[in-house]
Amino acid sequence: MFMRLLTSAIFAGALAGLVGGILQLYFVQPVLLLAELYESGQLVHFGAEPAMISMGYAGFDLTRDLWSLAFSLLIYCGYGLMLVALMGIASDQSLISAHPTFRHGIIWGVGGFVALHLAPSFGLAPEVPGGASADLEARQVWWFATTLATSVALWLFAFAKTQKMIGLGVILLFAPHLFGPPEVTYLRGPVPPEVAALFASRVLGVGLIAWVVLGAAASHIFGRFSASE
Amino acid sequence: MTTKDTAATTLSQNISSNLSSRLVTYVAVMLLGFSILAVAGHAQTPGLHGAAHDTRHATGFPCH
């Protein structure tokens with residue numbers, strides 16, 4: 001069973017990582033590279049002649065972009081492993097079909113996106129290079145706590161049998177945001193808001209697509225394996 | 001204890017051992033996924049940070 005879970009997660013993670021990585025290179029990377037020009041001071045937002053810029057496809061930097069693709073694959077394989085383990089638990093407990101299809105997986109994928117991308121982004125917007133930000137460790141702690149609380153909340157919304165447990169889900173969903181993320185002391189980011197806003201929305205859009213691919217593929221492969229068991 | 005009782009007890013022990021071994025597998029798979037995520041997405045050694053930099057920003061992780 002371990003190998004079957006591993007195989008489902010790695011195939012689905014590699015596919016989602018590849019799709020997400022390619023979309024990232026085409027849509028996110030040009031905005032990131034532009035932000036780095038402001039971060040390094042090669043472009044200046046105020047106090048200089050406005051720069052004529054392009055946020056379109058910026059070409060391919062072989063080493064840098066292959067690393068990005070490799071890490072995209074790794075990260076989505078990591079997500080995939082956690083996702084198939086949860087699918088396995090839900091399937092064993094008869095909370096979901098023993099043979100889920102890719103359509104069921106789309107819902108899992110959207111859930112994963114909400115828990116691991118959207119919820120933390122609600123407090124800590126995807127960071128454009130050069131943006132002002134709070135202490136790294138504090139942000140990482142808040143990121144992990146928020147993703148965990150949101151994941152449990154979504155699980156309760158999907159599977160809890162009592163209203164009390166659904167109420168607990170609502171509390172878990174809001175708690176990290178009511179507690180609040182670590183805040184920056186000074187807003188001193190040199191990157192124009194237009195660039196930072198486009199960066200954040202592109203990151204979320206690409207994340208949603210990659211997660212839907214991950215959920216659909218993981219569910220499809222997991223369902224085929226459980227059908228053959 | 002009758003033969004029937006013994007068979008039922010053995011069956012129930014098998015089921016419970018099977019369930020707990022499945023649970024251990026799920027937890028192991030989840031921990032493996034979490035470890036990959038922690039290293040690829042969040043660990044701060046300079047080499048790792050440099051190679052993963054763009055993807056970390058593009059995945060919405062706290063980066064630096």
# chains A, B, ... in the order shown; residues from 1 in each chain; ligands from 1
>>> interface_residues(of="chain B", to="chain A", cutoff="10 Å", atoms="only C-alpha atoms", output="mmCIF file with C-alpha atoms, in the first residue's frame")
data_model
loop_
_atom_site.group_PDB
_atom_site.id
_atom_site.type_symbol
_atom_site.label_atom_id
_atom_site.label_comp_id
_atom_site.auth_asym_id
_atom_site.auth_seq_id
_atom_site.Cartn_x
_atom_site.Cartn_y
_atom_site.Cartn_z
ATOM 1 C CA LEU B 19 -6.182 -0.929 10.469
ATOM 2 C CA ARG B 22 -2.681 1.209 7.456
ATOM 3 C CA LEU B 23 -2.812 4.222 9.764
ATOM 4 C CA VAL B 24 0.960 3.997 10.343
ATOM 5 C CA THR B 25 1.422 3.963 6.546
ATOM 6 C CA TYR B 26 -0.763 7.073 6.108
ATOM 7 C CA VAL B 27 1.108 8.920 8.846
ATOM 8 C CA ALA B 28 4.462 7.910 7.309
ATOM 9 C CA VAL B 29 3.392 9.120 3.841
ATOM 10 C CA MET B 30 2.126 12.373 5.305
ATOM 11 C CA LEU B 31 5.364 12.952 7.241
ATOM 12 C CA LEU B 32 7.385 12.244 4.104
ATOM 13 C CA GLY B 33 5.336 14.857 2.217
ATOM 14 C CA PHE B 34 5.682 17.345 5.055
ATOM 15 C CA SER B 35 9.470 16.837 5.192
ATOM 16 C CA ILE B 36 9.809 17.477 1.448
ATOM 17 C CA LEU B 37 7.696 20.615 1.813
ATOM 18 C CA ALA B 38 9.737 21.834 4.805
ATOM 19 C CA VAL B 39 13.080 21.314 3.034
ATOM 20 C CA ALA B 40 12.118 22.428 -0.494
ATOM 21 C CA GLY B 41 9.849 25.263 0.582
ATOM 22 C CA HIS B 42 11.091 26.589 3.886
ATOM 23 C CA GLN B 44 17.045 28.469 4.826
ATOM 24 C CA LEU B 48 18.905 25.677 -1.045
ATOM 25 C CA GLY B 50 19.221 30.345 -3.859
ATOM 26 C CA ALA B 51 18.054 27.413 -5.973
ATOM 27 C CA ALA B 52 14.494 27.443 -4.634
ATOM 28 C CA HIS B 53 14.172 31.253 -4.470
ATOM 29 C CA ASP B 54 11.933 31.893 -7.479
ATOM 30 C CA THR B 55 9.630 28.937 -6.813
ATOM 31 C CA ARG B 56 9.271 29.880 -3.141
ATOM 32 C CA HIS B 57 8.163 33.386 -4.118
ATOM 33 C CA ALA B 58 5.914 31.994 -6.850
ATOM 34 C CA THR B 59 4.279 29.521 -4.446
ATOM 35 C CA GLY B 60 3.502 32.138 -1.813
ATOM 36 C CA PHE B 61 5.934 30.832 0.835
ATOM 37 C CA PRO B 62 7.604 33.247 3.232
ATOM 38 C CA CYS B 63 11.034 33.530 1.582
ATOM 39 C CA HIS B 64 13.408 36.101 3.099
#
>>> atom_distance(atom1="CA of Phe102 in chain A", atom2="CA of Leu172 in chain A")
28.3 Å
>>> residues_around(residues="Arg224 in chain A", least_positions_apart="3", cutoff="12 Å", atoms="only C-alpha atoms", output="JSON, numbers by chain")
{"A": [4, 5, 7, 8, 97, 98, 99, 100, 101, 102, 217, 218, 219, 220, 221, 227, 228, 229]}
>>> write_last_selection(atoms="N, CA and C atoms", output="compact mmCIF listing (two decimals), in the first residue's frame")
# COMPACT_ATOMS: atom_id res chain seq x y z
N ARG A 4 1.93 2.07 -3.38
CA ARG A 4 0.82 2.58 -4.21
C ARG A 4 0.53 4.05 -3.89
N LEU A 5 0.55 4.38 -2.61
CA LEU A 5 0.34 5.79 -2.23
C LEU A 5 1.48 6.64 -2.80
N THR A 7 3.40 6.02 -5.37
CA THR A 7 3.31 6.14 -6.83
C THR A 7 2.26 7.16 -7.23
N SER A 8 1.06 7.08 -6.60
CA SER A 8 -0.01 8.06 -6.92
C SER A 8 0.50 9.47 -6.68
N SER A 97 -15.85 7.82 -1.58
CA SER A 97 -15.90 6.59 -2.37
C SER A 97 -14.55 5.87 -2.30
N ALA A 98 -14.59 4.54 -2.34
CA ALA A 98 -13.34 3.78 -2.36
C ALA A 98 -12.64 3.93 -3.70
N HIS A 99 -13.37 4.37 -4.70
CA HIS A 99 -12.78 4.53 -6.04
C HIS A 99 -13.04 5.94 -6.54
N PRO A 100 -12.39 6.94 -5.94
CA PRO A 100 -12.65 8.32 -6.38
C PRO A 100 -12.18 8.54 -7.81
N THR A 101 -12.84 9.45 -8.50
CA THR A 101 -12.47 9.76 -9.89
C THR A 101 -11.75 11.11 -9.92
N PHE A 102 -11.35 11.51 -11.12
CA PHE A 102 -10.67 12.81 -11.21
C PHE A 102 -11.61 13.96 -10.84
N ALA A 217 -5.39 14.43 -10.70
CA ALA A 217 -4.50 13.32 -11.06
C ALA A 217 -4.34 12.36 -9.89
N ALA A 218 -4.16 12.90 -8.68
CA ALA A 218 -3.97 12.02 -7.51
C ALA A 218 -5.20 11.16 -7.30
N SER A 219 -6.38 11.76 -7.41
CA SER A 219 -7.62 11.03 -7.18
C SER A 219 -7.82 9.95 -8.25
N HIS A 220 -7.52 10.32 -9.50
CA HIS A 220 -7.67 9.36 -10.61
C HIS A 220 -6.77 8.14 -10.40
N ILE A 221 -5.50 8.39 -10.09
CA ILE A 221 -4.55 7.27 -9.93
C ILE A 221 -4.88 6.48 -8.67
N ALA A 227 -9.22 0.34 -6.96
CA ALA A 227 -10.12 -0.55 -7.69
C ALA A 227 -9.44 -1.90 -7.96
N SER A 228 -8.10 -1.86 -8.09
CA SER A 228 -7.40 -3.11 -8.41
C SER A 228 -7.02 -3.88 -7.14
N GLU A 229 -7.27 -3.29 -5.95
CA GLU A 229 -6.88 -3.97 -4.70
C GLU A 229 -7.78 -5.13 -4.37
>>> residues_around(residues="Ile166 in chain A", least_positions_apart="5", cutoff="7 Å", atoms="only C-alpha atoms", output="ChimeraX atom specification")
/A:156-157,160
>>> decode(residues="range 30-45 of chain B", atoms="N, CA and C atoms", output="mmCIF file, in the first residue's frame")
data_model
loop_
_atom_site.group_PDB
_atom_site.id
_atom_site.type_symbol
_atom_site.label_atom_id
_atom_site.label_comp_id
_atom_site.auth_asym_id
_atom_site.auth_seq_id
_atom_site.Cartn_x
_atom_site.Cartn_y
_atom_site.Cartn_z
ATOM 1 N N MET B 30 2.373 10.957 5.044
ATOM 2 C CA MET B 30 2.126 12.373 5.305
ATOM 3 C C MET B 30 3.396 13.056 5.821
ATOM 4 N N LEU B 31 4.126 12.374 6.717
ATOM 5 C CA LEU B 31 5.364 12.952 7.241
ATOM 6 C C LEU B 31 6.415 13.108 6.148
ATOM 7 N N LEU B 32 6.449 12.147 5.230
ATOM 8 C CA LEU B 32 7.385 12.244 4.104
ATOM 9 C C LEU B 32 7.058 13.493 3.273
ATOM 10 N N GLY B 33 5.769 13.682 2.984
ATOM 11 C CA GLY B 33 5.336 14.857 2.217
ATOM 12 C C GLY B 33 5.664 16.141 2.947
ATOM 13 N N PHE B 34 5.419 16.142 4.252
ATOM 14 C CA PHE B 34 5.682 17.345 5.055
ATOM 15 C C PHE B 34 7.176 17.658 5.046
ATOM 16 N N SER B 35 8.016 16.605 5.159
ATOM 17 C CA SER B 35 9.470 16.837 5.192
ATOM 18 C C SER B 35 9.941 17.439 3.873
ATOM 19 N N ILE B 36 9.424 16.924 2.760
ATOM 20 C CA ILE B 36 9.809 17.477 1.448
ATOM 21 C C ILE B 36 9.414 18.952 1.377
ATOM 22 N N LEU B 37 8.197 19.233 1.837
ATOM 23 C CA LEU B 37 7.696 20.615 1.813
ATOM 24 C C LEU B 37 8.567 21.528 2.685
ATOM 25 N N ALA B 38 8.942 21.023 3.872
ATOM 26 C CA ALA B 38 9.737 21.834 4.805
ATOM 27 C C ALA B 38 11.117 22.130 4.209
ATOM 28 N N VAL B 39 11.727 21.117 3.576
ATOM 29 C CA VAL B 39 13.080 21.314 3.034
ATOM 30 C C VAL B 39 13.014 22.147 1.747
ATOM 31 N N ALA B 40 12.149 21.741 0.811
ATOM 32 C CA ALA B 40 12.118 22.428 -0.494
ATOM 33 C C ALA B 40 11.514 23.827 -0.385
ATOM 34 N N GLY B 41 10.578 23.996 0.537
ATOM 35 C CA GLY B 41 9.849 25.263 0.582
ATOM 36 C C GLY B 41 10.293 26.225 1.671
ATOM 37 N N HIS B 42 10.901 25.702 2.733
ATOM 38 C CA HIS B 42 11.091 26.589 3.886
ATOM 39 C C HIS B 42 12.489 26.607 4.490
ATOM 40 N N ALA B 43 13.317 25.555 4.254
ATOM 41 C CA ALA B 43 14.640 25.517 4.890
ATOM 42 C C ALA B 43 15.500 26.666 4.348
ATOM 43 N N GLN B 44 16.371 27.226 5.204
ATOM 44 C CA GLN B 44 17.045 28.469 4.826
ATOM 45 C C GLN B 44 18.546 28.339 4.579
ATOM 46 N N THR B 45 19.064 27.113 4.325
ATOM 47 C CA THR B 45 20.495 27.045 3.999
ATOM 48 C C THR B 45 20.716 27.832 2.701
#
